[in-house]
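Chemist: First the structure, which I've put down as structure tokens, then a few questions once you've had a look.
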Amino acid sequence: MQEMIEKAIQEHTQNGQFSRLSVAELSSQLSLPKSRVTQVLQQLLKAGTIVRAGQKPVLFLDRSVLEETYGTAIEGDTIRNLDQWLAAQTDQGQDFDRLIGHDGSLSSLVEQCKATVAYPPNGLPLILTGETGTGKSMIAGLAYEYARNHDLVKPESRFVAVNCSEYANNPELLTANLFGYVKGAFTGADQDTPGLLELADGGVLFLDEVHNLKGECQEKLFHFMDQSIYHRMGDNKTWYTSSVRLIFATTEDPEKVLLKTLQRRIPMKLTVPNLAARGNYEKLQIILSMFAREEERLKVHIQLSGSVIQLLLSYPFPENIGGLKSAIQSSCVNALFQTDEEKVMRIGLKDIPDSVIQYSALETLMKPRELTWHGIEELRHDLVNVRTPFSFFGSVLETLETTQDFESDFRAIQKAVLHHFKQSLRKADLTPFETAFLTIVRNRCRQYHLELPEKDRQLYKTAFVELLSLPQGIDLLLQSRAKQVEEVMNRLRTEAFKYFSLVTEIRQEVRERLETDLNPLQCLIMTALAARAGQSQPAPRRMGVILAHGESSASSMAMCVNQWLETHVFDAIDMPLFVSQEEISRQLNEWLRKMEGIEELFLLVDLGSLEQIYRNLNIRNVNIGIINSLSLKLALSVGQDIRNQTPMEKVFERAKALSSIEYHIERNREKPRMIICSCASGLGVAEKLRGVIVDSLPEDSDIRVMTYDYNTLQQEGMTSPVFEENQVISIVGTLKPEEITVPFVALEDLILQENTNRFDDSLRPYMEAEEMRVFKKNIVKNFSLSNIMNSLTILNPAKLLEHVADAIDRLQNRLGVSLGNNTCFGLYVHVSCLIERLVMNRGIEVYGNADAFRLEQQDFIQAVDDSFADVQKFYGIRIPVEETGYMYDYIKNDPNYKKRV
């Protein structure tokens, strides 16, 4: 029992769940009598294992957890006021201010946590993702403290945490603990028991390792999130309510482990970066903080060698902060008995765990270096008072404001700025926003012929990204030194105009595209970074500029030529459609001012007077050639010559030769798709043929059919106007005209569907496979109709043929065969005439050996009877066996039917 109580106190103290550490709370949680709990607490107090917080209700906390967490020893067994004691343990105050990195790499995460918890009326659900040991549980506890300190929850509200992984093998128990249960709900449920949702009512419920929740438990949870009501296990009638702020955490990808329905109800997803992504500055803060706690615990003064500091900073620590803590404690254990009389404990490489030492290469360990020892307090003092961003940026402003040698001091500051960001060099993946920001920076730099140095490219990328999230203290700096910042920026406008202009353009594009405004200090530091990168990159000796009217006419052409030539030879100036010559000249002068050091300028403009443009330019030691004509071909030619160092006069002579134009008219207007019917026997036959084809085409087909005189087509050939005005797909007729190159199909082949491959190929681009099948079937049917119309006297040929065609389709399906077109053509005519005879009571009563046929072909007779059932019913007839026999004679000689038999 004592072990159980001790474990509960330790866990709640670690998670900051102080409100759960009263006698009543412990009794309720552990289902123990209050008297037994009080007795055990007295024993733990006497042993010094716990301390009590003297408030109402009295709380009992784990001494070692508090001392380790806050790096201080606790005198006696009582803390008079817990809130005041907690606030006194840090210079930064309460809740998130105690978190290392709250004003650095975690600043954005902290602000989003605060906003999520404070979102009216009861906050929003939040999920924290990240690797093991990154501090998700601590952040969840701080979020609760923030809510309590800012009156977002009542003082008596609780922070209830549960690690779902502990229930991975017993999900039903987790469901019971989460929602509570009633007596008799399961074996051992001998009383009604509230769940964690009820215990956390009004406070925060933290579900760690939430990916271990089974699907059914997730479903119950998101139902609760919708309406704040739930059932206890074993009671599906009574609704219980709870108003809690929900925080989830997982080391897995929520997209893969959580139901989509639950994901949609968690609007905020925040990723806690791993230790490697926190940067060396914060990593050093964490290292020194942990060593300081060990100093308090061991009552010694710890000193570290420079090699130890470098090794701990460079080691990746797969277990993140937990792994770092373990390595530090192991180092202290290894060095414990080396403490001297003055209680100084020195930790060198030999004291570092082997797993960390092995990470360092042998040549690195053997490299000679001066042995220096650094005290923890000394290092923490330097870190806080010298290397904080606030102090650093403040000193930058002060230097530039008071400098007597701006050029020299600005160069020194450029180096210092780069070194400052080197302390936060990180390896984490960029967010989409950061990627977009870096793309803007990179593209604008290229327009100024500025490339980030290869060896320091990652460092520059880190520096530019870190600028996006300067610590909150910078706002105070700007407020207190607004005038100094303005004066320094004005100085940069004069002394470093090129880089000032670059950053101004970056700021404007970031504001327009990313809806983010960079403050003046961010612009100042960015200017220093750009200037540092540009020190070893002199401006090109010769350069081209494309100036064109339109939103992106010039930039599009310049980009195309630069990509084609694989080098940056053209800048671009996009001008509004209506702009004065003075404005054009002003833009060019601005560009020339930024491109200091250029010797030759090649200017290509789409419109404008050469003389007016030239007169308004402020030319200083620059040769300028201007062409008031613009085309991609011309720009490519000039760009090649600029790249190849061709003399300026020769460049423009070649450009002049390209000014003449050639033309060609290619008439590609979309023409109507056309089938031509042309018969040597005359237009009358051609017109009937046209009608059959039109009736056979799919209803929504855009193919047209026309008749054309055969003799005229024979004489004109492919020069006939019909080919100029239409896209002729094919020609159908009795004879093929000479000198015709489009596909031709003879009338008899079309009827019998033979030798029509070229005709099929010409139609295939305009018909789906099913449409082509229907077209071919309709051709056979409609030519059959033409014949039938000449044979029938009382029945409607079109209606009759529709019935017959459907029946013959059913017969083919029944027989499992696809009859040839010749067979179908004959059947259409024969069966149509057969039906009219039967209607007129003139059926055939004699058929060869009818008895033998009836005996041998029972299946065929039944198939015909079933397939023609609708026809017989519609016309009130009965097809006798004799007529069926003649139909069999048509079919039995079909090649496809023979194969089947």
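Going by the structure tokens order, chains are called A, B, ..., each with residues numbered from 1, while ligands are numbered from 1 in the order shown.
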Would you mind listing what lies within 10 Å of stretch 265-275 of chain A as an MDAnalysis selection string, with only C-alpha atoms counted and same-chain residues fewer than 6 positions away left out?
Modeler: chainID A and resid 105:106 108:110 112:113 116 124:136 139 222:223 225:226 246:251 254 282:283 286 313 316:324 426:429
Chemist: Can you tell me, as number ranges by chain, what residues are no more than 12 Å from stretch 691-695 of chain A when counting only C-alpha atoms, ignoring any on the same chain fewer than 3 positions away?
Modeler: A: 674-677, 684-688, 698-707, 731-733, 747, 750-751, 774-787, 798
Chemist: Could you give me, as a PyMOL selection string, the residues within 12 Å of stretch 820-827 of chain A, counting only C-alpha atoms and dropping anything in the same chain fewer than 3 positions from it?
Modeler: chain A and resi 748-754+773+776-788+801+804-809+811-812+817+830-835+883-884+886-898
Chemist: Between atom CA of A:Leu577 and atom CA of A:Phe437, measure the distance and give it in Å to one decimal.
Modeler: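 If I compute the distance from atom CA of A:Leu577 to atom CA of A:Phe437, I get 29.6 Å.
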Chemist: Compile the contact shell of A:Ile229 as a list of chain:residue names: residues with an atom at most 6 Å away, counting only C-alpha atoms, same-chain residues fewer than 2 positions apart removed.
Modeler: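 Answer for this query is A:Phe224, A:Gln227, A:Tyr240, A:Thr241.
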Chemist: Pick out the residues sitting within 7 Å of stretch 865-868 of chain A, and hand them over as a PyMOL selection string; count only C-alpha atoms, and ignore anything fewer than 3 positions along from it in its own chain.
Modeler: chain A and resi 807+810-811+861-862+871-872
